[in-house]
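**Student:** See my_file_38.json below, with JSON, C-alpha atoms.
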[["chain", "number", "residue", "atom", "x", "y", "z"],
["J", 1, "MET", "CA", 0.00, 0.00, 0.00],
["J", 2, "ILE", "CA", 1.28, 3.48, -0.86],
["J", 3, "ASP", "CA", 2.13, 5.42, 2.31],
["J", 4, "ASP", "CA", 1.10, 8.87, 1.04],
["J", 5, "PHE", "CA", -1.34, 9.78, -1.71],
["J", 6, "GLU", "CA", -4.12, 12.19, -2.62],
["J", 7, "THR", "CA", -7.67, 11.69, -3.89],
["J", 8, "GLN", "CA", -10.28, 14.08, -5.23],
["J", 9, "SER", "CA", -13.73, 14.58, -3.74],
["J", 10, "SER", "CA", -16.28, 17.37, -3.28],
["J", 11, "CYS", "CA", -16.81, 19.64, -0.29],
["J", 12, "PRO", "CA", -19.87, 18.53, 1.74],
["J", 13, "LEU", "CA", -20.76, 22.17, 2.40],
["J", 14, "CYS", "CA", -20.36, 23.96, -0.93],
["J", 15, "GLN", "CA", -19.75, 21.05, -3.33],
["J", 16, "ALA", "CA", -16.52, 22.58, -4.70],
["J", 17, "ASP", "CA", -13.69, 20.25, -5.76],
["J", 18, "MET", "CA", -11.56, 19.30, -2.77],
["J", 19, "ALA", "CA", -8.39, 17.23, -2.38],
["J", 20, "ILE", "CA", -8.15, 14.66, 0.42],
["J", 21, "LYS", "CA", -4.63, 13.83, 1.59],
["J", 22, "TRP", "CA", -3.85, 10.39, 2.99],
["J", 23, "GLN", "CA", -0.78, 9.63, 5.10],
["J", 24, "LYS", "CA", 0.08, 6.24, 6.59],
["J", 25, "ASP", "CA", 1.74, 5.91, 10.01],
["J", 26, "THR", "CA", 2.18, 3.42, 12.85],
["J", 27, "ILE", "CA", 1.32, 4.17, 16.48],
["J", 28, "PRO", "CA", 1.57, 2.03, 19.64],
["J", 29, "TYR", "CA", -1.47, -0.13, 20.57],
["J", 30, "PHE", "CA", -3.23, 0.58, 17.27],
["J", 31, "GLY", "CA", -0.72, -0.54, 14.66],
["J", 32, "ASP", "CA", -1.00, 0.87, 11.13],
["J", 33, "ILE", "CA", -3.21, 3.93, 10.79],
["J", 34, "MET", "CA", -4.09, 6.40, 8.05],
["J", 35, "TYR", "CA", -4.36, 10.15, 8.63],
["J", 36, "THR", "CA", -6.79, 11.91, 6.32],
["J", 37, "THR", "CA", -6.98, 15.68, 5.98],
["J", 38, "ALA", "CA", -8.85, 18.01, 3.66],
["J", 39, "GLN", "CA", -9.55, 21.72, 3.34],
["J", 40, "CYS", "CA", -11.88, 23.43, 0.91],
["J", 41, "ASP", "CA", -10.34, 26.47, -0.80],
["J", 42, "GLN", "CA", -13.80, 27.91, -1.47],
["J", 43, "CYS", "CA", -15.53, 27.87, 1.94],
["J", 44, "SER", "CA", -12.63, 26.92, 4.28],
["J", 45, "PHE", "CA", -14.32, 23.69, 5.42],
["J", 46, "LYS", "CA", -11.78, 21.48, 7.20],
["J", 47, "PHE", "CA", -11.78, 17.76, 7.86],
["J", 48, "ALA", "CA", -9.41, 15.45, 9.70],
["J", 49, "ASP", "CA", -9.64, 11.81, 10.70],
["J", 50, "THR", "CA", -7.52, 8.91, 11.85],
["J", 51, "ILE", "CA", -8.45, 5.52, 10.41],
["J", 52, "ILE", "CA", -7.18, 2.28, 11.95],
["J", 53, "LEU", "CA", -6.13, 0.03, 9.06],
["J", 54, "SER", "CA", -5.97, -3.26, 10.93],
["J", 55, "GLY", "CA", -9.05, -5.45, 10.80],
["J", 56, "LYS", "CA", -11.55, -4.55, 13.49],
["J", 57, "ASP", "CA", -14.85, -6.10, 14.48],
["J", 58, "PRO", "CA", -17.88, -3.80, 14.88],
["J", 59, "VAL", "CA", -17.69, -2.79, 18.52],
["J", 60, "CYS", "CA", -19.82, -1.46, 21.35],
["J", 61, "CYS", "CA", -17.87, 0.03, 24.27],
["J", 62, "THR", "CA", -19.64, 0.82, 27.53],
["J", 63, "LEU", "CA", -18.41, 2.60, 30.67],
["J", 64, "PRO", "CA", -20.57, 3.41, 33.72],
["J", 65, "VAL", "CA", -19.35, 6.79, 35.03],
["J", 66, "ARG", "CA", -19.27, 6.19, 38.77],
["J", 67, "THR", "CA", -15.93, 7.58, 40.02],
["J", 68, "GLU", "CA", -13.44, 10.39, 39.39],
["J", 69, "ALA", "CA", -11.21, 7.82, 37.67],
["J", 70, "ASP", "CA", -14.02, 7.05, 35.21],
["J", 71, "LEU", "CA", -14.11, 10.73, 34.20],
["J", 72, "ASP", "CA", -10.40, 10.47, 33.30],
["J", 73, "ALA", "CA", -10.81, 7.32, 31.17],
["J", 74, "ARG", "CA", -9.44, 7.74, 27.65],
["J", 75, "VAL", "CA", -12.02, 7.92, 24.87],
["J", 76, "ILE", "CA", -11.18, 7.43, 21.20],
["J", 77, "ARG", "CA", -14.10, 8.43, 18.99],
["J", 78, "SER", "CA", -13.66, 7.94, 15.25],
["J", 79, "THR", "CA", -15.88, 9.53, 12.63],
["J", 80, "SER", "CA", -17.85, 6.27, 12.49],
["J", 81, "GLY", "CA", -18.62, 6.18, 16.23],
["J", 82, "THR", "CA", -22.07, 6.88, 17.65],
["J", 83, "ILE", "CA", -22.02, 8.22, 21.23],
["J", 84, "ILE", "CA", -24.97, 7.35, 23.46],
["J", 85, "VAL", "CA", -25.84, 8.46, 27.01],
["J", 86, "GLU", "CA", -29.22, 6.84, 27.56],
["J", 87, "GLU", "CA", -29.94, 8.36, 30.98],
["J", 88, "ILE", "CA", -30.23, 11.85, 29.50],
["J", 89, "GLY", "CA", -31.50, 10.80, 26.07],
["J", 90, "VAL", "CA", -28.36, 11.81, 24.16],
["J", 91, "MET", "CA", -27.24, 10.24, 20.88],
["J", 92, "VAL", "CA", -24.44, 11.82, 18.82],
["J", 93, "GLU", "CA", -24.40, 10.23, 15.37],
["J", 94, "PRO", "CA", -21.73, 10.50, 12.66],
["J", 95, "GLY", "CA", -22.34, 12.90, 9.81],
["J", 96, "PRO", "CA", -20.62, 14.02, 6.60],
["J", 97, "ILE", "CA", -18.50, 16.60, 8.49],
["J", 98, "SER", "CA", -17.77, 14.52, 11.62],
["J", 99, "GLU", "CA", -14.24, 14.53, 12.96],
["J", 100, "SER", "CA", -12.45, 11.99, 15.10],
["J", 101, "TYR", "CA", -10.96, 12.97, 18.44],
["J", 102, "ILE", "CA", -9.16, 11.56, 21.46],
["J", 103, "THR", "CA", -10.25, 12.90, 24.84],
["J", 104, "ASN", "CA", -11.48, 11.58, 28.19],
["J", 105, "VAL", "CA", -14.99, 10.90, 29.49],
["J", 106, "GLU", "CA", -15.24, 14.38, 31.00],
["J", 107, "GLY", "CA", -14.24, 15.83, 27.63],
["J", 108, "VAL", "CA", -17.09, 13.95, 25.94],
["J", 109, "LEU", "CA", -19.55, 15.23, 28.53],
["J", 110, "GLN", "CA", -18.27, 18.78, 28.04],
["J", 111, "ARG", "CA", -18.83, 18.44, 24.28],
["J", 112, "ILE", "CA", -22.38, 17.28, 24.89],
["J", 113, "ARG", "CA", -22.82, 20.13, 27.38],
["J", 114, "GLY", "CA", -21.77, 22.63, 24.73],
["J", 115, "VAL", "CA", -24.42, 21.38, 22.31],
["J", 116, "ILE", "CA", -27.13, 21.58, 24.99],
["J", 117, "GLU", "CA", -26.07, 25.14, 25.88],
["J", 118, "SER", "CA", -26.57, 26.08, 22.23],
["J", 119, "THR", "CA", -30.04, 24.52, 22.39],
["J", 120, "VAL", "CA", -30.85, 26.73, 25.38],
["J", 121, "ARG", "CA", -29.87, 29.87, 23.47],
["J", 122, "TRP", "CA", -31.86, 28.91, 20.37],
["J", 123, "SER", "CA", -34.90, 27.97, 22.44],
["J", 124, "GLU", "CA", -34.78, 31.26, 24.35],
["J", 125, "MET", "CA", -34.73, 33.14, 21.05],
["J", 126, "ASP", "CA", -37.80, 31.15, 19.95],
["J", 127, "ASN", "CA", -39.52, 31.69, 23.32],
["J", 128, "ASP", "CA", -39.71, 27.90, 23.70],
["J", 129, "PHE", "CA", -39.32, 27.92, 27.47],
["J", 130, "GLU", "CA", -40.48, 24.33, 27.88],
["J", 131, "LYS", "CA", -37.49, 23.20, 25.84],
["J", 132, "VAL", "CA", -35.27, 25.58, 27.84],
["J", 133, "ASP", "CA", -36.36, 23.95, 31.11],
["J", 134, "ILE", "CA", -35.64, 20.46, 29.74],
["J", 135, "ALA", "CA", -32.20, 21.52, 28.50],
["J", 136, "LEU", "CA", -31.32, 23.21, 31.81],
["J", 137, "ASP", "CA", -32.28, 20.05, 33.66],
["J", 138, "LEU", "CA", -29.91, 18.05, 31.44],
["J", 139, "LEU", "CA", -27.12, 20.56, 32.09],
["J", 140, "ASN", "CA", -27.63, 20.21, 35.84],
["J", 141, "LYS", "CA", -27.39, 16.43, 35.60],
["J", 142, "ILE", "CA", -24.21, 16.57, 33.53],
["J", 143, "ASP", "CA", -22.64, 19.17, 35.85],
["J", 144, "ALA", "CA", -23.41, 17.02, 38.89],
["J", 145, "VAL", "CA", -21.64, 14.04, 37.34],
["J", 146, "ILE", "CA", -18.64, 16.12, 36.29],
["J", 147, "ASP", "CA", -18.38, 17.64, 39.80],
["J", 148, "ASN", "CA", -18.58, 14.31, 41.60],
["J", 149, "PRO", "CA", -19.93, 11.10, 40.00],
["J", 150, "GLU", "CA", -20.19, 9.38, 43.39],
["J", 151, "THR", "CA", -22.66, 11.91, 44.83],
["J", 152, "ALA", "CA", -24.51, 12.89, 41.65],
["J", 153, "PRO", "CA", -28.30, 12.34, 41.85],
["J", 154, "VAL", "CA", -28.21, 10.54, 38.49],
["J", 155, "SER", "CA", -25.66, 8.05, 37.20],
["J", 156, "LEU", "CA", -24.56, 8.25, 33.56],
["J", 157, "THR", "CA", -23.22, 5.52, 31.30],
["J", 158, "LEU", "CA", -21.14, 6.37, 28.24],
["J", 159, "GLN", "CA", -21.55, 4.08, 25.25],
["J", 160, "ILE", "CA", -19.88, 4.16, 21.84],
["J", 161, "LYS", "CA", -21.10, 2.00, 18.98],
["J", 162, "ASP", "CA", -18.76, 1.82, 15.98],
["J", 163, "PRO", "CA", -19.61, -0.37, 12.95],
["J", 164, "LEU", "CA", -16.00, -0.05, 11.72],
["J", 165, "GLY", "CA", -14.44, -0.82, 15.10],
["J", 166, "ASN", "CA", -12.26, 2.29, 15.20],
["J", 167, "SER", "CA", -13.56, 3.75, 18.50],
["J", 168, "ALA", "CA", -12.65, 2.69, 22.02],
["J", 169, "ILE", "CA", -12.93, 3.47, 25.73],
["J", 170, "ILE", "CA", -9.70, 2.62, 27.50],
["J", 171, "SER", "CA", -10.48, 1.73, 31.10],
["J", 172, "ALA", "CA", -10.41, -1.32, 33.37],
["J", 173, "ASN", "CA", -14.08, -0.60, 34.08],
["J", 174, "ALA", "CA", -15.12, -0.45, 30.42],
["J", 175, "GLU", "CA", -16.75, -3.37, 28.64],
["J", 176, "SER", "CA", -16.53, -4.17, 24.94],
["J", 177, "ARG", "CA", -18.64, -6.48, 22.82],
["J", 178, "LYS", "CA", -19.29, -7.13, 19.18],
["J", 179, "LEU", "CA", -22.26, -5.30, 17.71],
["J", 180, "THR", "CA", -25.26, -7.37, 16.71],
["J", 181, "GLU", "CA", -26.57, -7.50, 13.16],
["J", 182, "ASP", "CA", -29.67, -5.57, 14.23],
["J", 183, "GLU", "CA", -27.50, -2.80, 15.70],
["J", 184, "LEU", "CA", -25.36, -2.62, 12.57],
["J", 185, "GLU", "CA", -28.42, -2.02, 10.42],
["J", 186, "THR", "CA", -29.31, 1.12, 12.38],
["J", 187, "LEU", "CA", -25.85, 2.71, 12.68],
["J", 188, "LYS", "CA", -24.30, 5.32, 10.41],
["J", 189, "THR", "CA", -20.64, 5.48, 9.43],
["J", 190, "GLY", "CA", -20.54, 9.11, 8.27],
["J", 191, "MET", "CA", -17.13, 8.64, 6.73],
["J", 192, "ILE", "CA", -15.10, 7.76, 3.68],
["J", 193, "ILE", "CA", -14.35, 4.05, 3.23],
["J", 194, "LEU", "CA", -10.95, 3.19, 1.75],
["J", 195, "ASP", "CA", -10.11, 0.00, -0.13],
["J", 196, "ALA", "CA", -6.64, -0.56, 1.33],
["J", 197, "GLU", "CA", -5.61, -3.05, -1.36],
["J", 198, "LYS", "CA", -6.55, -0.85, -4.32],
["J", 199, "ASP", "CA", -5.68, 2.53, -2.76],
["J", 200, "GLU", "CA", -9.02, 3.98, -3.77],
["J", 201, "ILE", "CA", -12.24, 5.29, -2.26],
["J", 202, "ILE", "CA", -15.08, 2.83, -2.62],
["J", 203, "TYR", "CA", -17.70, 5.03, -0.93],
["J", 204, "ASP", "CA", -17.69, 8.72, -0.22],
["J", 205, "ILE", "CA", -20.36, 10.08, 2.12],
["J", 206, "SER", "CA", -19.93, 13.53, 0.56],
["J", 207, "ASP", "CA", -21.45, 12.22, -2.68],
["J", 208, "GLU", "CA", -24.83, 12.29, -0.92],
["J", 209, "ALA", "CA", -24.34, 15.57, 0.93],
["J", 210, "GLY", "CA", -25.70, 18.81, -0.49],
["J", 211, "PRO", "CA", -24.83, 22.34, 0.58],
["J", 212, "ILE", "CA", -26.29, 23.34, 3.94],
["J", 213, "GLY", "CA", -29.69, 24.96, 3.54],
["J", 214, "LYS", "CA", -30.27, 23.56, 0.07],
["J", 215, "ASN", "CA", -33.35, 21.43, -0.45],
["J", 216, "ASP", "CA", -33.38, 19.07, -3.45]]
Using structure tokens, write down the structure from this file.

**Tutor:**
Amino acid sequence: MIDDFETQSSCPLCQADMAIKWQKDTIPYFGDIMYTTAQCDQCSFKFADTIILSGKDPVCCTLPVRTEADLDARVIRSTSGTIIVEEIGVMVEPGPISESYITNVEGVLQRIRGVIESTVRWSEMDNDFEKVDIALDLLNKIDAVIDNPETAPVSLTLQIKDPLGNSAIISANAESRKLTEDELETLKTGMIILDAEKDEIIYDISDEAGPIGKND
């Protein structure tokens, strides 16, 4: 397989031509990986991902957040990972502009918190105070867990489902299992799939993505 190469695609925001750069590397614990980066010259859209090239089974990782140590557990979320926190009704699905990241459990909760804060602002502008109250209640629950999971009035469980097996929760308290066929049918990948033997894209999610705000 070629270590470095470039492919052409289209920007998921403005549909302009965009080059995707691929760079192979090797990192401890994961083996061979592929960095992918892209930037649109027209609208400045940026994309970055890290793809694990070794064969991985579809995985579901689960970690009950019960202690301070659980908040510090390492979380690897690839662009194909769906994050679920059932206790507060949160599901973060992959999309055409998703990016991978490495953080800890607290970092994931802070990301979710940021989205809910945005919901509060939008709902206040729309005078939807019922939605504001619901969002504020969720923020209080998340804050309580971040402050002290052991005394929080509600316990949260972080779950990541990844049909490509590229996500993980690294903790002695985390559990991993293979996804069922039924689960696989409902999950999105939200990413580009690379045929490693042919060095070519076999599916590009951006082919189905139109500019934001455009209705076909």

**Student:** Please identify all polymer residues within 6 Å of range 34-36 of chain J, counting only C-alpha atoms, omitting same-chain residues fewer than 4 positions from it, and present them as a ChimeraX atom specification.

**Tutor:** /J:21-24,48-51

**Student:** Smallest atom-to-atom distance to Val132 in chain J: which of J:Thr26, J:Thr82, J:Ser176, J:Thr119, using only C-alpha atoms?

**Tutor:**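 The shortest atom-to-atom distance to Val132 in chain J comes from J:Thr119.
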
**Student:** Could you work out an axis-aligned box for range 10-19 of chain J, taking every atom the file lists and adding 6 Å on each side, and report centre and edge lengths in Å to one decimal, as AutoDock Vina command-line options?

**Tutor:**
--center_x -14.6 --center_y 20.6 --center_z -1.7 --size_x 24.4 --size_y 18.7 --size_z 20.2

**Student:** Kindly indicate which residue among J:Leu13, J:Ala38, J:Val105, J:Val115 lies nearest to Met91 in chain J, using all atoms listed in the file for the distances.

**Tutor:** J:Val115

**Student:** Select, from J:Ile102, J:Val120, J:Ala172, J:Ile142, the residue with the minimum atom-to-atom distance to Ser78 in chain J, counting all atoms listed in the file.

**Tutor:**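 Of J:Ile102, J:Val120, J:Ala172, J:Ile142, the one nearest Ser78 in chain J, counting all atoms listed in the file, is J:Ile102.
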
**Student:** Do you know which residues are at most 7 Å from Tyr101 in chain J counting all atoms listed in the file, after dropping those on the same chain fewer than 2 positions away, and could you put them as a ChimeraX atom specification?

**Tutor:** /J:76-78,99,103

**Student:** Restricting the output to C-alpha atoms, write the selected residues as a PDB file, keeping the file's coordinate frame.

**Tutor:**
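Listing of out21.pdb after writing:
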ATOM      1  CA  ILE J  76     -11.180   7.430  21.200  1.00  0.00           C
ATOM      2  CA  ARG J  77     -14.100   8.430  18.990  1.00  0.00           C
ATOM      3  CA  SER J  78     -13.660   7.940  15.250  1.00  0.00           C
ATOM      4  CA  GLU J  99     -14.240  14.530  12.960  1.00  0.00           C
ATOM      5  CA  THR J 103     -10.250  12.900  24.840  1.00  0.00           C
TER       6      THR J 103
END

**Student:** From the list J:Ala16, J:Val108, J:Ala135, J:Ile116, which residue is nearest Leu71 in chain J when using all atoms listed in the file?

**Tutor:**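 Using all atoms listed in the file, Leu71 in chain J sits closest to J:Val108.
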
**Student:** Residues near Arg66 in chain J, anyone? I mean within 6 Å using all atoms listed in the file, not counting same-chain ones fewer than 2 positions away, as a PyMOL selection string.

**Tutor:** chain J and resi 64+149-150

**Student:** Could you tell me how far CA of Pro58 in chain J sits from CA of Pro163 in chain J, in Å to one decimal place?

**Tutor:**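 It comes out at 4.3 Å.
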
**Student:** Tell me which of J:Asp3, J:Asp128, J:Asp133, J:Glu106 sits closest to Glu68 in chain J, counting all atoms listed in the file.

**Tutor:** J:Glu106

**Student:** Measuring atom to atom with only C-alpha atoms, identify which of J:Gln39, J:Gln8, J:Thr67, J:Thr79 is nearest to Asn148 in chain J.

**Tutor:** J:Thr67

**Student:** Skipping near chain neighbours, those fewer than 6 positions away, what residues fall within 9 Å of Val90 in chain J using all atoms listed in the file, listed as a list in words?

**Tutor:**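 Within the cut-off, the hits are Ile83, Ile84 and Ile112 of chain J.
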
**Student:** Please compute the CA of Asn173 in chain J-CA of Asp147 in chain J distance, one decimal, in Å.

**Tutor:**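 Rounded to one decimal, the two atoms are 19.6 Å apart.
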
**Student:** What is the distance, in Å and to one decimal place, between CA of Lys188 in chain J and CA of Ser100 in chain J?

**Tutor:**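 Interatomic distance, CA of Lys188 in chain J to CA of Ser100 in chain J: 14.4 Å.
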
**Student:** Which residues come within 12 Å of Leu184 in chain J, counting all atoms listed in the file, excluding same-chain residues fewer than 5 positions away, as a compact mmCIF listing (two decimals) with C-alpha atoms, keeping the file's coordinate frame?

**Tutor:**
# COMPACT_ATOMS: atom_id res chain seq x y z
CA ASP J 57 -14.85 -6.10 14.48
CA PRO J 58 -17.88 -3.80 14.88
CA VAL J 59 -17.69 -2.79 18.52
CA CYS J 60 -19.82 -1.46 21.35
CA SER J 80 -17.85 6.27 12.49
CA GLY J 81 -18.62 6.18 16.23
CA THR J 82 -22.07 6.88 17.65
CA LYS J 161 -21.10 2.00 18.98
CA ASP J 162 -18.76 1.82 15.98
CA PRO J 163 -19.61 -0.37 12.95
CA LEU J 164 -16.00 -0.05 11.72
CA GLY J 165 -14.44 -0.82 15.10
CA LYS J 178 -19.29 -7.13 19.18
CA LEU J 179 -22.26 -5.30 17.71
CA THR J 189 -20.64 5.48 9.43
